[in-house]
Amino acid sequence: MSTTSTANSLQLVTLPHPADRSVRVKMFATAKAACMHLCDHLLTAPECNAWVLVSPQYRNILDPADADARWRYAQQAHATNGASAQELYDLYAEATAADARDAQTLGWFGQDDYKFVTVAIGTSGILLTIEGDILKTAFLPGQGQAETTREVRQSGDCRTSLPRERGMRSGRNPTARAEFRARERAAQERREAAWNDEERLYYKVFRPAVQLIKRCHHLCCDMFGQLKKTDYALLKGRLPARNQLKYPKWLHLRHQCRGGSTP
């Protein structure tokens, strides 16, 4: 990855283009845009917990379970134009570049008719959207509440918060809901106790990402009847059917892309 920014701010890097090996993609147009994505995705629960499964080195930078620490990290990142968050951004870039290379190898990318918009996904489950030679977003689908993020961004209240966590604090019956979640969580923890690291990545990150993409429609109407476009649906025809992406097949493909012994 090569540096494309100046000193005293976040040093932006370039990544391989999933659809064209001769093209490098700038990972966000500005340091401000990169900071917003760090806050929206790597610093916001629950998605931050999924990023730890993608990049375990995350814990060397920050404890994802410490919400106050994540909030302070986000504040400092905005205050320094991203310079203080360089280590986390580099981790983000490394993981995203690896999934871009996976997409090249497996053909897991889709493009619009003009080949201006490219969407891609790799074996970690990172979904990339590229416009021209600029990465517009890279995130883990199925981990958070993207609509809440958009609402907060549109309201202008985005400089000092981790937006998507707001949508997780309400409910008609908080006590009953908390009890249900506690029972559900305990049952899930028992199931997960025997999982290895690759199984955790597959079941908790990659599979939810594919499930979300498979549910997307390129053109549909929102709740107000307005037509909207979902570029992620460009990937649907490029991914194998879900019954062909079960854990053993995914593991084979991941080893094919990342090296190591192939089951």
# chains A, B, ... in the order shown; residues from 1 in each chain; ligands from 1
$ select_by_dssp --residues "segment 29-157 of chain A" --states "alpha helix (DSSP H)" --output "PyMOL selection string"
chain A and resi 31-37+47-54+58-61+67-79+86-106+146-155
$ residues_around --residues "Arg207 of chain A" --least-positions-apart "3" --cutoff "9 Å" --atoms "only C-alpha atoms" --output "ChimeraX atom specification"
/A:125,142,201-204,210-212,242,245-247
$ write_last_selection --atoms "C-alpha atoms" --output "PDB file, in the first residue's frame"
ATOM      1  CA  GLY A 125     -16.907 -10.494   4.501  1.00  0.00           C
ATOM      2  CA  GLY A 142     -25.173  -7.469   8.794  1.00  0.00           C
ATOM      3  CA  LEU A 201     -15.113 -15.527  11.312  1.00  0.00           C
ATOM      4  CA  TYR A 202     -17.352 -17.548   9.005  1.00  0.00           C
ATOM      5  CA  TYR A 203     -20.456 -17.805  11.186  1.00  0.00           C
ATOM      6  CA  LYS A 204     -20.328 -14.380  12.818  1.00  0.00           C
ATOM      7  CA  VAL A 210     -23.573 -12.826   2.264  1.00  0.00           C
ATOM      8  CA  GLN A 211     -27.089 -13.199   3.656  1.00  0.00           C
ATOM      9  CA  LEU A 212     -27.579  -9.428   3.532  1.00  0.00           C
ATOM     10  CA  ARG A 242     -25.641 -19.812  -0.293  1.00  0.00           C
ATOM     11  CA  LEU A 245     -20.914 -21.301   0.408  1.00  0.00           C
ATOM     12  CA  LYS A 246     -21.197 -23.441   3.496  1.00  0.00           C
ATOM     13  CA  TYR A 247     -18.308 -23.526   5.919  1.00  0.00           C
TER      14      TYR A 247
END
$ closest_atom_pairs --of "segment 226-253 of chain A" --to "segment 97-109 of chain A" --cutoff "7 Å" --atoms "only C-alpha atoms" --output "CSV"
residue,atom,partner,partner_atom,distance
A:Leu235,CA,A:Phe109,CA,5.9
A:Arg238,CA,A:Trp108,CA,5.5
A:Leu239,CA,A:Trp108,CA,6.0
$ residues_around --residues "Leu128 of chain A" --least-positions-apart "3" --cutoff "6 Å" --atoms "only C-alpha atoms" --output "list in words"
Val119, Ala120, Thr137 and Ala138 of chain A
$ write_last_selection --atoms "N, CA, C and O atoms" --output "JSON list (two decimals), in the first residue's frame"
[["chain", "number", "residue", "atom", "x", "y", "z"],
["A", 119, "VAL", "N", -18.62, -3.00, -6.84],
["A", 119, "VAL", "CA", -18.83, -3.53, -5.50],
["A", 119, "VAL", "C", -18.13, -4.89, -5.43],
["A", 119, "VAL", "O", -18.09, -5.62, -6.42],
["A", 120, "ALA", "N", -17.57, -5.19, -4.28],
["A", 120, "ALA", "CA", -16.81, -6.42, -4.15],
["A", 120, "ALA", "C", -16.86, -6.90, -2.71],
["A", 120, "ALA", "O", -17.12, -6.12, -1.78],
["A", 137, "THR", "N", -16.78, 3.21, 0.51],
["A", 137, "THR", "CA", -17.05, 2.59, 1.80],
["A", 137, "THR", "C", -16.50, 1.17, 1.82],
["A", 137, "THR", "O", -16.33, 0.54, 0.78],
["A", 138, "ALA", "N", -16.19, 0.70, 3.02],
["A", 138, "ALA", "CA", -15.78, -0.68, 3.26],
["A", 138, "ALA", "C", -16.28, -1.02, 4.65],
["A", 138, "ALA", "O", -15.89, -0.37, 5.63]]
$ residues_around --residues "Val52 of chain A" --least-positions-apart "6" --cutoff "10 Å" --atoms "only C-alpha atoms" --output "PyMOL selection string"
chain A and resi 42+58-59+63-64+201
$ atom_distance --atom1 "atom CA of Ala176 of chain A" --atom2 "atom CA of Arg190 of chain A"
21.6 Å
$ residues_around --residues "segment 83-96 of chain A" --least-positions-apart "6" --cutoff "6 Å" --atoms "only C-alpha atoms" --output "JSON, numbers by chain"
{"A": [9, 10, 77]}
$ write_last_selection --atoms "N, CA, C and O atoms" --output "PDB file, in the first residue's frame"
ATOM      1  N   SER A   9      -1.618  14.766   9.277  1.00  0.00           N
ATOM      2  CA  SER A   9      -2.987  14.284   9.142  1.00  0.00           C
ATOM      3  C   SER A   9      -2.908  12.797   8.813  1.00  0.00           C
ATOM      4  O   SER A   9      -1.815  12.245   8.669  1.00  0.00           O
ATOM      5  N   LEU A  10      -4.052  12.172   8.703  1.00  0.00           N
ATOM      6  CA  LEU A  10      -4.077  10.759   8.373  1.00  0.00           C
ATOM      7  C   LEU A  10      -3.400  10.515   7.030  1.00  0.00           C
ATOM      8  O   LEU A  10      -3.658  11.219   6.046  1.00  0.00           O
ATOM      9  N   ALA A  77      -9.541  11.272  16.995  1.00  0.00           N
ATOM     10  CA  ALA A  77      -9.340  11.122  15.546  1.00  0.00           C
ATOM     11  C   ALA A  77      -9.866  12.338  14.798  1.00  0.00           C
ATOM     12  O   ALA A  77      -9.200  12.871  13.900  1.00  0.00           O
TER      13      ALA A  77
END
$ atom_distance --atom1 "atom CA of Asn49 of chain A" --atom2 "atom CA of Gln76 of chain A"
20.6 Å
$ atom_distance --atom1 "atom CA of Leu140 of chain A" --atom2 "atom CA of Trp51 of chain A"
7.8 Å
$ decode --residues "segment 118-131 of chain A" --atoms "N, CA and C atoms" --output "PDB file, in the first residue's frame"
ATOM      1  N   THR A 118     -18.055  -0.107  -8.692  1.00  0.00           N
ATOM      2  CA  THR A 118     -17.663  -1.497  -8.474  1.00  0.00           C
ATOM      3  C   THR A 118     -17.975  -1.863  -7.033  1.00  0.00           C
ATOM      4  N   VAL A 119     -18.621  -2.995  -6.839  1.00  0.00           N
ATOM      5  CA  VAL A 119     -18.834  -3.529  -5.496  1.00  0.00           C
ATOM      6  C   VAL A 119     -18.133  -4.887  -5.434  1.00  0.00           C
ATOM      7  N   ALA A 120     -17.573  -5.190  -4.281  1.00  0.00           N
ATOM      8  CA  ALA A 120     -16.808  -6.424  -4.152  1.00  0.00           C
ATOM      9  C   ALA A 120     -16.861  -6.898  -2.708  1.00  0.00           C
ATOM     10  N   ILE A 121     -16.600  -8.189  -2.535  1.00  0.00           N
ATOM     11  CA  ILE A 121     -16.524  -8.762  -1.194  1.00  0.00           C
ATOM     12  C   ILE A 121     -15.446  -9.826  -1.197  1.00  0.00           C
ATOM     13  N   GLY A 122     -14.755  -9.963  -0.071  1.00  0.00           N
ATOM     14  CA  GLY A 122     -13.731 -10.984   0.060  1.00  0.00           C
ATOM     15  C   GLY A 122     -14.124 -12.031   1.075  1.00  0.00           C
ATOM     16  N   THR A 123     -13.201 -12.922   1.393  1.00  0.00           N
ATOM     17  CA  THR A 123     -13.531 -14.046   2.264  1.00  0.00           C
ATOM     18  C   THR A 123     -13.663 -13.656   3.731  1.00  0.00           C
ATOM     19  N   SER A 124     -13.272 -12.426   4.086  1.00  0.00           N
ATOM     20  CA  SER A 124     -13.523 -11.957   5.456  1.00  0.00           C
ATOM     21  C   SER A 124     -14.929 -11.391   5.599  1.00  0.00           C
ATOM     22  N   GLY A 125     -15.575 -11.087   4.458  1.00  0.00           N
ATOM     23  CA  GLY A 125     -16.907 -10.494   4.501  1.00  0.00           C
ATOM     24  C   GLY A 125     -16.909  -8.983   4.415  1.00  0.00           C
ATOM     25  N   ILE A 126     -15.778  -8.375   4.065  1.00  0.00           N
ATOM     26  CA  ILE A 126     -15.730  -6.915   3.909  1.00  0.00           C
ATOM     27  C   ILE A 126     -16.342  -6.549   2.568  1.00  0.00           C
ATOM     28  N   LEU A 127     -17.351  -5.688   2.594  1.00  0.00           N
ATOM     29  CA  LEU A 127     -18.028  -5.237   1.389  1.00  0.00           C
ATOM     30  C   LEU A 127     -17.459  -3.881   0.994  1.00  0.00           C
ATOM     31  N   LEU A 128     -16.931  -3.793  -0.228  1.00  0.00           N
ATOM     32  CA  LEU A 128     -16.329  -2.568  -0.742  1.00  0.00           C
ATOM     33  C   LEU A 128     -17.217  -1.961  -1.811  1.00  0.00           C
ATOM     34  N   THR A 129     -17.336  -0.639  -1.796  1.00  0.00           N
ATOM     35  CA  THR A 129     -17.954   0.092  -2.897  1.00  0.00           C
ATOM     36  C   THR A 129     -16.947   1.107  -3.402  1.00  0.00           C
ATOM     37  N   ILE A 130     -16.676   1.051  -4.714  1.00  0.00           N
ATOM     38  CA  ILE A 130     -15.684   1.912  -5.347  1.00  0.00           C
ATOM     39  C   ILE A 130     -16.358   2.711  -6.444  1.00  0.00           C
ATOM     40  N   GLU A 131     -16.075   3.993  -6.499  1.00  0.00           N
ATOM     41  CA  GLU A 131     -16.545   4.850  -7.587  1.00  0.00           C
ATOM     42  C   GLU A 131     -15.328   5.416  -8.295  1.00  0.00           C
TER      43      GLU A 131
END
